[in-house]
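Below is one structure, written out as structure tokens; the observations come after it.
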Amino acid sequence: MENPFIYGEVVTGKNLCGREDETKELLRDIRNSQKVLLFSPRRYGKTSLLKDIFINLNKKEFFTIYVDLYPALNESDFIKLLAKAFSSGITAPLYKTLNVLKDTFKHLASRLSFTINKEGNIEFDISLEKHDISPVLVDLLEGINSYITKNGKKGVIVFDEFQQVNYFEKDKVEKELRSQMQSQRNICYIFSGSKKHLLMDMFANPNRPFYKSTKHFQLDKLKSKDIFRFIKTKFQDTDIEIKDDLINKVIDISECHPFYFQYICHEMWEMSFLNGKVADEYLERSVDRIMERETSSYDNIWSLLSLKQKKTLIALSKILPQEKIFSNNFITKYNIGPVSTLQRVLNGLVKKELIDKVNNNYEILDIIFKKWIQRIY
Ligand SMILES: Nc1ncnc2c1ncn2[C@@H]1O[C@H](COP(=O)(O)OP(=O)(O)OP(=O)(O)O)[C@@H](O)[C@H]1O
Ligand SMILES: [Mg+2]
């Protein structure tokens with residue numbers, strides 16, 4: 001039998017827990033051709049949510065383009081990935097697809113060369129000089145818009161891992177995208193990513209092209225009632241008994257973190273599927289196992305931190321719900337230094353994506369890393 005708890009892969013359909021409200025809101029945005037920045041810390045389920053929405057969208061009504069920018073190192077990569085994602089949405093025989101590309105993109109067509117790979121899909125190669133980038137990009141974005149409109153559809157373009165654009169040498173992509181999307185009333189653009197400080201700099205800095213151009217949508221952790229139902233159903237469906245009380249403990253320990261509740265349950269399921277029952281001690285054993293696997297990467301992170309950063313993380317791993325991090329008591333207890341130093345250290349840790357500001361407090365994002373720190377210090 002297959003383990004129903006999946007971690008480290010995109011999850012959709014029956015394997016997606018909760019997210020009803022978020023789906024509804026994003027569907028409204030898609031219908032309204034809203035431009036959206038979707039962000040959250042890593043592994044909160046942005047890609048899964050977006051892919052699930054795409055699967056369920058009526059393809060007769062919407063033309064969907066999903067671009068994973070993770071491998072994009074420069075502007076030509078961006079263009080190549082967008083062109084490829086667009087072409088994969090055309091459901092026509094290959095020769096027709098090639099004709100569509102030639103007809104739709106006047107500038108781009110002459111610079112594209114195609115090969116067909118073993119799976120029968122089109123592979124692009126593109127030869128671009130630096131001065132070609134802007135006209136080709138405009139051509140591509142305008143072409144996509146007119147193709148979608150001509151086919152009587154609405155469009156949805158997702159740029160996942162959008163922060164990659166920040167590493168490009170120039171801001172041509174940002175500028176052209178911004179000016180194109182402003183005039184496109186028929187396409188919803190969703191920019192998704194996890195590097196908050198980079199995204200905030202792109203989207204909330206008045207000197208950057210994307211300033212105030214999108215709605216900001218922060219994806220939170222999952223709701224405990226959704227996790228409860230999900231865990232109960234998955235164990236039940238695979239004929240394994242689990243006590244409600246233990247499910248609640250999983251929710252507490254995982255702090256509703258989408259990735260970690262799945263990871264912990266995956267381990268617990270592996271321990272129980274032979275005898276059909278989840279024993280209480282499997283929870284702690286699962287957490288231990290996960291921590292063991294992650295230890296070398298935590299060691300690595302730890303060794304690269306300054307003493308003050310370490311002290312602050314130790315303090316944050318022990319903070320009680322009623323304690324205020326900037327209070328005199330707290331600062332003296334952990335010997336961190338004046339408030340200004342603490343603020344600087346916190347900002348550095350946010351940049352490293354180790355912590356995040358939540359409701360005026362700071363939290364360690366990786367809950368197993370937090371437990372690792374608690375155990376050692
Ligand atoms: N709604 C959900 N239901 C169940 N599991 C989820 C959900 N969202 C996320 N997960 C779990 O978290 C893992 C990571 O999800 P996903 O890759 O979609 O997150 P992400 O936010 O796109 O991450 P990254 O920022 O690293 O790209 C999944 O493999 C799955 O185990
Ligand atoms: Mg993702």
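FYI, nothing fancy with the structure tokens labels: chains A, B, ... in order, residues from 1 per chain, ligands from 1 as they appear.
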#### Entry: Expected selection as JSON, numbers by chain for ligand 1 within 6 Å, only C-alpha atoms and all ligand atoms
{"A": [6, 7, 8, 9, 10, 11, 16, 17, 18, 19, 42, 43, 44, 45, 46, 47, 48, 194, 258, 259, 262]}
### Task
Going by DSSP on the backbone, which bits of range 71-205 of chain A are strand (DSSP E or B)? Write them as a ChimeraX atom specification, please.
/A:112-116,122-126,154-160,187-193
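Distances here use only C-alpha atoms; by that measure, the residue among A:Glu25, A:Asp52, A:Glu176, A:Asp226 closest to Glu142 in chain A is A:Glu176.
The smallest atom-to-atom distance between Ile253 in chain A and any of A:Asp366, A:Pro206, A:Pro338, A:Pro135, using only C-alpha atoms, is found for A:Asp366.
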### Message
Can you tell me which residues surround range 343-345 of chain A at a distance of at most 8 Å, considering only C-alpha atoms, apart from same-chain residues fewer than 5 positions away, and format the answer as a ChimeraX atom specification?
### Response
/A:308-309,312
For the residues selected in the previous step, produce a file with N, CA, C and O atoms as a tab-separated table (two decimals), in the first residue's frame.
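selection-v1.tsv, freshly written:
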```tsv
chain	number	residue	atom	x	y	z
A	308	LYS	N	25.90	36.42	17.91
A	308	LYS	CA	24.66	37.12	18.25
A	308	LYS	C	23.45	36.48	17.57
A	308	LYS	O	22.36	36.40	18.13
A	309	GLN	N	23.66	36.03	16.35
A	309	GLN	CA	22.55	35.36	15.65
A	309	GLN	C	22.19	34.06	16.37
A	309	GLN	O	21.01	33.74	16.54
A	312	THR	N	20.31	34.84	19.53
A	312	THR	CA	18.93	35.27	19.25
A	312	THR	C	18.06	34.07	18.88
A	312	THR	O	16.92	33.97	19.33
```
#### Entry: Residue nearest ligand 2 among A:Ile30, A:Ile148, A:Ile376, A:Leu69 (counting only C-alpha atoms and all ligand atoms)
A:Leu69
### Task
Identify which of the residues A:Leu177, A:Leu37, A:Leu50, A:Met1 lies closest to ligand 2, counting only C-alpha atoms and all ligand atoms when measuring atom-to-atom distances.
A:Leu50
### Message
Among range 87-249 of chain A, which residues does DSSP mark as alpha helix (DSSP H) when it is run on the backbone? Keep the chain and numbering as in the structure and answer as number ranges by chain.
### Response
A: 87-88, 94-104, 106-109, 133-150, 172-183, 196-204, 224-237, 244-249
Generate the output file for the selected residues, C-alpha atoms, as a compact mmCIF listing (two decimals), in the first residue's frame.
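Full text of part.txt as output:
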```
# COMPACT_ATOMS: atom_id res chain seq x y z
CA SER A 87 3.51 26.37 -26.30
CA SER A 88 2.78 23.47 -23.96
CA LEU A 94 2.84 19.62 -33.41
CA TYR A 95 2.97 21.17 -36.88
CA LYS A 96 0.01 23.40 -35.99
CA THR A 97 1.67 24.46 -32.75
CA LEU A 98 4.77 25.48 -34.68
CA ASN A 99 2.61 27.49 -37.06
CA VAL A 100 0.85 29.20 -34.16
CA LEU A 101 4.24 30.19 -32.74
CA LYS A 102 5.40 31.54 -36.10
CA ASP A 103 2.18 33.48 -36.63
CA THR A 104 1.90 34.80 -33.11
CA LYS A 106 6.90 38.09 -35.33
CA HIS A 107 10.18 39.03 -33.64
CA LEU A 108 10.67 35.89 -31.68
CA ALA A 109 9.95 33.39 -34.44
CA ILE A 133 15.73 41.21 -25.10
CA SER A 134 13.22 44.06 -24.81
CA PRO A 135 11.63 43.82 -28.28
CA VAL A 136 11.44 40.03 -28.11
CA LEU A 137 9.91 40.10 -24.65
CA VAL A 138 7.31 42.67 -25.70
CA ASP A 139 6.58 40.56 -28.77
CA LEU A 140 6.13 37.49 -26.62
CA LEU A 141 3.85 39.14 -24.06
CA GLU A 142 1.76 40.90 -26.70
CA GLY A 143 1.56 37.73 -28.76
CA ILE A 144 0.36 35.66 -25.83
CA ASN A 145 -2.27 38.28 -25.04
CA SER A 146 -3.56 38.45 -28.60
CA TYR A 147 -3.55 34.65 -29.00
CA ILE A 148 -5.63 34.23 -25.84
CA THR A 149 -8.04 37.02 -26.77
CA LYS A 150 -8.38 35.72 -30.33
CA LYS A 172 14.29 44.92 -18.40
CA VAL A 173 12.03 41.98 -17.58
CA GLU A 174 10.43 43.85 -14.68
CA LYS A 175 9.89 46.97 -16.78
CA GLU A 176 8.42 45.24 -19.82
CA LEU A 177 6.25 42.92 -17.78
CA ARG A 178 4.89 45.78 -15.75
CA SER A 179 4.01 47.92 -18.72
CA GLN A 180 2.49 45.02 -20.67
CA MET A 181 0.42 43.61 -17.86
CA GLN A 182 -1.04 47.01 -17.04
CA SER A 183 -2.66 47.20 -20.44
CA LYS A 196 10.16 37.74 1.22
CA HIS A 197 12.84 40.39 1.43
CA LEU A 198 13.58 40.14 -2.30
CA LEU A 199 9.90 40.15 -3.24
CA MET A 200 9.12 43.03 -0.91
CA ASP A 201 11.95 45.00 -2.45
CA MET A 202 10.54 44.35 -5.91
CA PHE A 203 6.89 44.99 -5.08
CA ALA A 204 6.95 47.53 -2.26
CA SER A 224 -5.90 22.89 12.42
CA LYS A 225 -9.42 21.65 11.70
CA ASP A 226 -8.45 20.94 8.08
CA ILE A 227 -5.33 19.08 9.16
CA PHE A 228 -7.32 17.08 11.68
CA ARG A 229 -9.82 15.91 9.08
CA PHE A 230 -7.07 15.19 6.55
CA ILE A 231 -4.99 13.05 8.93
CA LYS A 232 -8.04 11.17 10.20
CA THR A 233 -9.29 10.39 6.69
CA LYS A 234 -5.91 9.30 5.34
CA PHE A 235 -5.32 6.86 8.20
CA GLN A 236 -8.90 5.61 8.06
CA ASP A 237 -8.75 5.07 4.29
CA ASP A 244 -8.06 11.78 17.98
CA ASP A 245 -5.86 12.79 20.85
CA LEU A 246 -2.74 11.77 18.96
CA ILE A 247 -3.87 13.67 15.86
CA ASN A 248 -4.17 16.77 18.02
CA LYS A 249 -0.64 16.20 19.29
```
## Note on the structure
From CA of Lys223 in chain A to CA of Gly276 in chain A the spacing works out at 27.0 Å
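Each of A:Gly89, A:Pro209, A:Gly193, A:Gly337 was checked against ligand 2 using only C-alpha atoms and all ligand atoms; the smallest atom-to-atom distance is that of A:Gly193.
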#### Entry: Atom-to-atom span, CA of Glu61 in chain A and CA of Lys154 in chain A, Å
6.3 Å
### Message
Taking 5 positions as the minimum chain separation for residues in the same chain, which residues sit within 6 Å of range 280-292 of chain A when counting only C-alpha atoms? Answer as a ChimeraX atom specification.
### Response
/A:264,267-268
Same residues, N, CA, C and O atoms, saved as a tab-separated table (two decimals), in the first residue's frame:
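And here is the file that came out, out16.tsv:
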```tsv
chain	number	residue	atom	x	y	z
A	264	ILE	N	5.83	14.30	9.23
A	264	ILE	CA	5.67	13.55	10.48
A	264	ILE	C	4.67	12.40	10.28
A	264	ILE	O	4.92	11.25	10.67
A	267	GLU	N	6.08	9.50	8.32
A	267	GLU	CA	6.91	8.60	9.15
A	267	GLU	C	6.04	7.74	10.05
A	267	GLU	O	6.27	6.54	10.21
A	268	MET	N	5.03	8.34	10.66
A	268	MET	CA	4.15	7.59	11.57
A	268	MET	C	3.41	6.49	10.81
A	268	MET	O	3.20	5.38	11.31
```
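Of the listed residues (A:Ile251, A:Leu27, A:Thr295, A:Ile190), A:Ile190 comes nearest to Ile65 in chain A; the distances count only C-alpha atoms.
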### Message
Residues near range 352-356 of chain A, anyone? I mean within 9 Å using only C-alpha atoms, not counting same-chain ones fewer than 3 positions away, as a ChimeraX atom specification.
### Response
/A:41-42,194-197,313,346-349,361-366
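Atom pair CA of Gln163 in chain A / CA of Asn205 in chain A has a distance of 14.2 Å (rounded to one decimal).
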